[in-house]
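The data block below is model_30.txt; it holds compact mmCIF, C-alpha atoms.
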```
# COMPACT_ATOMS: atom_id res chain seq x y z
CA MET A 1142 -4.27 10.43 -48.18
CA PHE A 1143 -7.49 9.33 -46.42
CA ARG A 1144 -5.92 5.95 -45.62
CA LEU A 1145 -2.89 7.62 -44.14
CA SER A 1146 -4.96 9.73 -41.76
CA ILE A 1147 -6.98 6.69 -40.57
CA ALA A 1148 -3.75 4.78 -39.94
CA SER A 1149 -2.34 7.75 -38.05
CA LEU A 1150 -5.51 8.02 -35.99
CA LEU A 1151 -5.43 4.33 -35.08
CA LEU A 1152 -1.77 4.52 -34.13
CA ALA A 1153 -2.35 7.59 -31.95
CA THR A 1154 -5.36 5.98 -30.25
CA THR A 1155 -3.35 2.83 -29.49
CA ALA A 1156 -0.44 4.87 -28.13
CA ILE A 1157 -2.75 6.76 -25.78
CA THR A 1158 -4.75 3.72 -24.61
CA LEU A 1159 -1.96 1.23 -23.85
CA PRO A 1160 -0.01 3.25 -21.24
CA SER A 1161 -3.18 4.05 -19.29
CA ILE A 1162 -4.09 0.36 -19.09
CA ALA A 1163 -0.62 -0.58 -17.83
CA VAL A 1164 -0.63 2.14 -15.16
CA ALA A 1165 -4.12 1.26 -13.92
CA ASP A 1166 -3.05 -2.27 -12.91
CA ASP A 1167 -0.39 -1.06 -10.48
CA GLU A 1168 -2.02 2.10 -9.08
CA GLN A 1169 -1.07 2.62 -5.46
CA ILE A 1170 -2.84 4.70 -2.85
CA THR A 1171 -1.89 5.87 0.62
CA LEU A 1172 -4.05 4.04 3.11
CA GLY A 1173 -2.66 5.91 6.09
CA ARG A 1174 0.31 7.17 8.09
CA THR A 1175 1.33 6.91 11.70
CA ILE A 1176 4.28 7.33 14.05
CA LEU A 1177 5.97 4.51 15.93
CA LEU A 1178 7.27 5.60 19.31
CA GLY A 1179 10.38 3.90 20.71
CA SER A 1180 9.70 0.34 21.78
CA GLY A 1181 6.38 -0.94 22.95
CA ASP A 1182 3.85 -3.73 22.73
CA HIS A 1183 1.02 -1.52 21.52
CA GLY A 1184 0.43 -0.95 17.85
CA ALA A 1185 0.02 2.44 16.26
CA LYS A 1186 -3.57 2.59 15.01
CA ILE A 1187 -4.62 4.11 11.70
CA PRO A 1188 -8.41 4.38 11.51
CA LEU A 1189 -9.67 5.07 8.01
CA LEU A 1190 -12.61 7.44 7.72
CA VAL A 1191 -13.72 5.82 4.49
CA CYS A 1192 -13.33 2.18 3.55
CA ARG A 1193 -10.52 1.88 0.95
CA LYS A 1194 -10.43 -1.03 -1.50
CA ALA A 1195 -7.06 -2.69 -2.02
CA ASN A 1196 -5.72 -6.09 -3.01
CA ALA A 1197 -2.28 -5.70 -1.38
CA ILE A 1198 -0.32 -3.50 1.03
CA LYS A 1199 3.27 -2.42 1.53
CA VAL A 1200 4.92 -0.26 4.18
CA LYS A 1201 7.30 2.65 3.64
CA ALA A 1202 9.58 3.86 6.45
CA GLU A 1203 10.06 7.61 6.80
CA ARG A 1204 12.87 6.97 9.34
CA ASP A 1205 14.88 3.91 10.42
CA LEU A 1206 12.70 1.36 12.19
CA THR A 1207 12.09 -2.30 12.91
CA LEU A 1208 8.76 -3.39 11.48
CA GLU A 1209 7.14 -6.40 13.12
CA ARG A 1210 3.63 -6.73 11.71
CA VAL A 1211 0.57 -4.94 10.40
CA VAL A 1212 -2.94 -5.97 11.44
CA VAL A 1213 -5.50 -5.11 8.76
CA THR A 1214 -9.19 -4.87 9.70
CA PHE A 1215 -11.64 -5.18 6.84
CA ASN A 1216 -15.11 -3.68 6.50
CA ASN A 1217 -16.84 -6.93 7.51
CA GLY A 1218 -14.83 -7.15 10.76
CA ASP A 1219 -12.35 -9.81 9.59
CA THR A 1220 -8.68 -9.19 10.41
CA LYS A 1221 -5.48 -10.31 8.74
CA THR A 1222 -2.07 -10.16 10.39
CA ILE A 1223 0.78 -9.61 7.96
CA ARG A 1224 4.18 -10.33 9.51
CA PHE A 1225 7.29 -8.52 8.28
CA TYR A 1226 9.98 -8.79 11.02
CA ARG A 1227 12.57 -6.69 9.23
CA ASP A 1228 14.62 -3.55 9.62
CA LEU A 1229 13.79 -0.69 7.27
CA LYS A 1230 16.02 2.27 6.57
CA LYS A 1231 14.70 5.73 5.76
CA ASN A 1232 12.57 5.76 2.56
CA GLN A 1233 12.85 1.96 2.19
CA THR A 1234 9.71 -0.05 1.42
CA THR A 1235 8.65 -3.63 1.95
CA ASP A 1236 7.46 -5.86 -0.83
CA TRP A 1237 3.77 -6.06 -1.69
CA ARG A 1238 1.79 -8.45 0.52
CA LYS A 1239 -1.34 -9.59 -1.28
CA PHE A 1240 -4.81 -10.34 0.02
CA ALA A 1241 -6.74 -13.20 -1.60
CA TYR A 1242 -8.82 -10.64 -3.50
CA LYS A 1243 -9.66 -6.92 -3.49
CA ARG A 1244 -10.99 -6.07 -0.02
CA CYS A 1245 -12.30 -3.00 1.74
CA VAL A 1246 -9.77 -1.88 4.40
CA LYS A 1247 -11.31 -0.12 7.41
CA LYS A 1248 -8.45 0.05 9.97
CA LEU A 1249 -4.71 -0.63 10.20
CA GLU A 1250 -2.53 -1.27 13.23
CA VAL A 1251 1.26 -1.13 12.81
CA PHE A 1252 3.58 -2.85 15.28
CA GLY A 1253 7.29 -2.10 15.43
CA ASN A 1254 10.06 -0.12 17.08
CA SER A 1255 11.76 3.06 16.02
CA GLU A 1256 15.52 3.43 16.13
CA GLY A 1257 15.33 6.97 17.52
CA SER A 1258 12.58 8.53 19.57
CA LYS A 1259 9.97 8.15 16.84
CA ALA A 1260 9.63 7.01 13.25
CA GLY A 1261 6.99 7.77 10.65
CA VAL A 1262 5.39 4.96 8.71
CA LYS A 1263 3.25 5.10 5.57
CA VAL A 1264 1.04 2.17 4.59
CA LEU A 1265 0.31 1.95 0.87
CA GLY A 1266 -2.40 -0.06 -0.85
CA ARG A 1267 -2.61 -1.31 -4.39
CA LYS A 1268 -5.93 -1.04 -6.22
```
Can you present the structure in this file as structure tokens?
Amino acid sequence: MFRLSIASLLLATTAITLPSIAVADDEQITLGRTILLGSGDHGAKIPLLVCRKANAIKVKAERDLTLERVVVTFNNGDTKTIRFYRDLKKNQTTDWRKFAYKRCVKKLEVFGNSEGSKAGVKVLGRK
């Protein structure tokens, strides 16, 4: 009976631990949101109050839009331009675009055009 309870305890511990490890690898956070207005050459800026660590980003459209690029500014002042050049429908997301390693994101600038008068955009980061 004692052996059975130890085996049950080990099985329960394993069942609890494994899903949390799998979820932790792909945890996503919202880095910021903005609105793209019509067509224009100026990007919509998303300043982050606190530096957020991420190793990749993806963009989610809250309305139909044409996404050109996202300029990411890191805590040390370096920038990275990630080019998308694609049309996104409402609630559609891009694929993950990775950085070389986990970096501290300080500011985002989204370039694109909305199909209507304005379109909301959410930029997600992966920890």
(Q) List as a PyMOL selection string the protein and nucleic acid residues near Leu1208 in chain A, meaning an atom at most 6 Å away when all atoms listed in the file are counted, but skip any in the same chain fewer than 2 places from it. (A) chain A and resi 1226-1227+1253
Save the residues we just selected, C-alpha atoms, as a short mmCIF file (atom, residue, chain, number, x, y, z; two decimals), in the coordinates of the input?
```
data_model
loop_
_atom_site.label_atom_id
_atom_site.label_comp_id
_atom_site.auth_asym_id
_atom_site.auth_seq_id
_atom_site.Cartn_x
_atom_site.Cartn_y
_atom_site.Cartn_z
CA TYR A 1226 9.98 -8.79 11.02
CA ARG A 1227 12.57 -6.69 9.23
CA GLY A 1253 7.29 -2.10 15.43
#
```
Q: Would you work out the distance separating CA of Lys1239 in chain A from CA of Phe1215 in chain A, expressed in Å to one decimal?
A: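 These two atoms are separated by 13.8 Å.
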Q. Which protein, DNA or RNA residues are at most 12 Å from (0.7, 4.9, 7.3) in the file's coordinates when you count only C-alpha atoms, listed as a PyMOL selection string?
A. chain A and resi 1170-1177+1185-1189+1198-1203+1211+1213+1234+1248-1252+1260-1266
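Using only C-alpha atoms, the nearest neighbour of Lys1221 in chain A within the list A:Leu1190, A:Leu1178, A:Leu1206, A:Lys1247 is A:Lys1247.
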Q: Just give me the gap between CA of Glu1209 in chain A and CA of Asn1196 in chain A in Å, one decimal is fine.
A: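 Going from CA of Glu1209 in chain A over to CA of Asn1196 in chain A covers 20.6 Å.
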Your completed range 1188-1218 of chain A with N, CA and C atoms, as a PDB file, in the coordinates of the input:
```pdb
ATOM      1  N   PRO A1188      -7.006   4.574  11.913  1.00  0.00           N
ATOM      2  CA  PRO A1188      -8.410   4.380  11.510  1.00  0.00           C
ATOM      3  C   PRO A1188      -8.652   5.103  10.184  1.00  0.00           C
ATOM      4  N   LEU A1189      -9.353   4.454   9.293  1.00  0.00           N
ATOM      5  CA  LEU A1189      -9.670   5.070   8.010  1.00  0.00           C
ATOM      6  C   LEU A1189     -11.097   5.597   8.070  1.00  0.00           C
ATOM      7  N   LEU A1190     -11.285   6.843   7.694  1.00  0.00           N
ATOM      8  CA  LEU A1190     -12.610   7.440   7.720  1.00  0.00           C
ATOM      9  C   LEU A1190     -13.535   6.807   6.690  1.00  0.00           C
ATOM     10  N   VAL A1191     -12.967   6.445   5.570  1.00  0.00           N
ATOM     11  CA  VAL A1191     -13.720   5.820   4.490  1.00  0.00           C
ATOM     12  C   VAL A1191     -13.048   4.493   4.171  1.00  0.00           C
ATOM     13  N   CYS A1192     -13.839   3.494   3.931  1.00  0.00           N
ATOM     14  CA  CYS A1192     -13.330   2.180   3.550  1.00  0.00           C
ATOM     15  C   CYS A1192     -12.575   2.304   2.222  1.00  0.00           C
ATOM     16  N   ARG A1193     -11.327   1.797   2.178  1.00  0.00           N
ATOM     17  CA  ARG A1193     -10.520   1.880   0.950  1.00  0.00           C
ATOM     18  C   ARG A1193     -10.279   0.484   0.394  1.00  0.00           C
ATOM     19  N   LYS A1194     -10.601   0.282  -0.874  1.00  0.00           N
ATOM     20  CA  LYS A1194     -10.430  -1.030  -1.500  1.00  0.00           C
ATOM     21  C   LYS A1194      -8.985  -1.202  -1.963  1.00  0.00           C
ATOM     22  N   ALA A1195      -8.428  -2.367  -1.626  1.00  0.00           N
ATOM     23  CA  ALA A1195      -7.060  -2.690  -2.020  1.00  0.00           C
ATOM     24  C   ALA A1195      -6.923  -4.207  -2.111  1.00  0.00           C
ATOM     25  N   ASN A1196      -5.968  -4.655  -2.924  1.00  0.00           N
ATOM     26  CA  ASN A1196      -5.720  -6.090  -3.010  1.00  0.00           C
ATOM     27  C   ASN A1196      -4.351  -6.459  -2.435  1.00  0.00           C
ATOM     28  N   ALA A1197      -3.588  -5.457  -1.971  1.00  0.00           N
ATOM     29  CA  ALA A1197      -2.280  -5.700  -1.380  1.00  0.00           C
ATOM     30  C   ALA A1197      -1.843  -4.454  -0.611  1.00  0.00           C
ATOM     31  N   ILE A1198      -0.890  -4.642   0.310  1.00  0.00           N
ATOM     32  CA  ILE A1198      -0.320  -3.500   1.030  1.00  0.00           C
ATOM     33  C   ILE A1198       1.198  -3.606   1.042  1.00  0.00           C
ATOM     34  N   LYS A1199       1.841  -2.470   1.235  1.00  0.00           N
ATOM     35  CA  LYS A1199       3.270  -2.420   1.530  1.00  0.00           C
ATOM     36  C   LYS A1199       3.499  -1.253   2.465  1.00  0.00           C
ATOM     37  N   VAL A1200       4.619  -1.269   3.171  1.00  0.00           N
ATOM     38  CA  VAL A1200       4.920  -0.260   4.180  1.00  0.00           C
ATOM     39  C   VAL A1200       6.181   0.481   3.773  1.00  0.00           C
ATOM     40  N   LYS A1201       6.142   1.808   3.923  1.00  0.00           N
ATOM     41  CA  LYS A1201       7.300   2.650   3.640  1.00  0.00           C
ATOM     42  C   LYS A1201       7.738   3.324   4.941  1.00  0.00           C
ATOM     43  N   ALA A1202       9.022   3.240   5.252  1.00  0.00           N
ATOM     44  CA  ALA A1202       9.580   3.860   6.450  1.00  0.00           C
ATOM     45  C   ALA A1202      10.013   5.284   6.133  1.00  0.00           C
ATOM     46  N   GLU A1203       9.622   6.222   6.981  1.00  0.00           N
ATOM     47  CA  GLU A1203      10.060   7.610   6.800  1.00  0.00           C
ATOM     48  C   GLU A1203      11.274   7.912   7.674  1.00  0.00           C
ATOM     49  N   ARG A1204      11.644   6.969   8.542  1.00  0.00           N
ATOM     50  CA  ARG A1204      12.870   6.970   9.340  1.00  0.00           C
ATOM     51  C   ARG A1204      13.247   5.522   9.601  1.00  0.00           C
ATOM     52  N   ASP A1205      14.457   5.278  10.126  1.00  0.00           N
ATOM     53  CA  ASP A1205      14.880   3.910  10.420  1.00  0.00           C
ATOM     54  C   ASP A1205      13.984   3.291  11.481  1.00  0.00           C
ATOM     55  N   LEU A1206      13.568   2.046  11.237  1.00  0.00           N
ATOM     56  CA  LEU A1206      12.700   1.360  12.190  1.00  0.00           C
ATOM     57  C   LEU A1206      12.781  -0.142  12.009  1.00  0.00           C
ATOM     58  N   THR A1207      12.257  -0.851  12.987  1.00  0.00           N
ATOM     59  CA  THR A1207      12.090  -2.300  12.910  1.00  0.00           C
ATOM     60  C   THR A1207      10.602  -2.564  12.818  1.00  0.00           C
ATOM     61  N   LEU A1208      10.168  -3.123  11.710  1.00  0.00           N
ATOM     62  CA  LEU A1208       8.760  -3.390  11.480  1.00  0.00           C
ATOM     63  C   LEU A1208       8.461  -4.842  11.831  1.00  0.00           C
ATOM     64  N   GLU A1209       7.501  -5.050  12.722  1.00  0.00           N
ATOM     65  CA  GLU A1209       7.140  -6.400  13.120  1.00  0.00           C
ATOM     66  C   GLU A1209       5.960  -6.934  12.310  1.00  0.00           C
ATOM     67  N   ARG A1210       4.821  -6.252  12.400  1.00  0.00           N
ATOM     68  CA  ARG A1210       3.630  -6.730  11.710  1.00  0.00           C
ATOM     69  C   ARG A1210       2.640  -5.597  11.508  1.00  0.00           C
ATOM     70  N   VAL A1211       1.681  -5.843  10.637  1.00  0.00           N
ATOM     71  CA  VAL A1211       0.570  -4.940  10.400  1.00  0.00           C
ATOM     72  C   VAL A1211      -0.706  -5.772  10.504  1.00  0.00           C
ATOM     73  N   VAL A1212      -1.644  -5.308  11.321  1.00  0.00           N
ATOM     74  CA  VAL A1212      -2.940  -5.970  11.440  1.00  0.00           C
ATOM     75  C   VAL A1212      -3.942  -5.140  10.645  1.00  0.00           C
ATOM     76  N   VAL A1213      -4.544  -5.771   9.649  1.00  0.00           N
ATOM     77  CA  VAL A1213      -5.500  -5.110   8.760  1.00  0.00           C
ATOM     78  C   VAL A1213      -6.900  -5.545   9.173  1.00  0.00           C
ATOM     79  N   THR A1214      -7.787  -4.574   9.408  1.00  0.00           N
ATOM     80  CA  THR A1214      -9.190  -4.870   9.700  1.00  0.00           C
ATOM     81  C   THR A1214     -10.007  -4.478   8.490  1.00  0.00           C
ATOM     82  N   PHE A1215     -10.822  -5.416   8.019  1.00  0.00           N
ATOM     83  CA  PHE A1215     -11.640  -5.180   6.840  1.00  0.00           C
ATOM     84  C   PHE A1215     -13.029  -4.716   7.243  1.00  0.00           C
ATOM     85  N   ASN A1216     -13.792  -4.257   6.273  1.00  0.00           N
ATOM     86  CA  ASN A1216     -15.110  -3.680   6.500  1.00  0.00           C
ATOM     87  C   ASN A1216     -16.072  -4.654   7.183  1.00  0.00           C
ATOM     88  N   ASN A1217     -15.933  -5.944   6.915  1.00  0.00           N
ATOM     89  CA  ASN A1217     -16.840  -6.930   7.510  1.00  0.00           C
ATOM     90  C   ASN A1217     -16.394  -7.386   8.899  1.00  0.00           C
ATOM     91  N   GLY A1218     -15.309  -6.812   9.430  1.00  0.00           N
ATOM     92  CA  GLY A1218     -14.830  -7.150  10.760  1.00  0.00           C
ATOM     93  C   GLY A1218     -13.713  -8.180  10.781  1.00  0.00           C
TER      94      GLY A1218
END
```
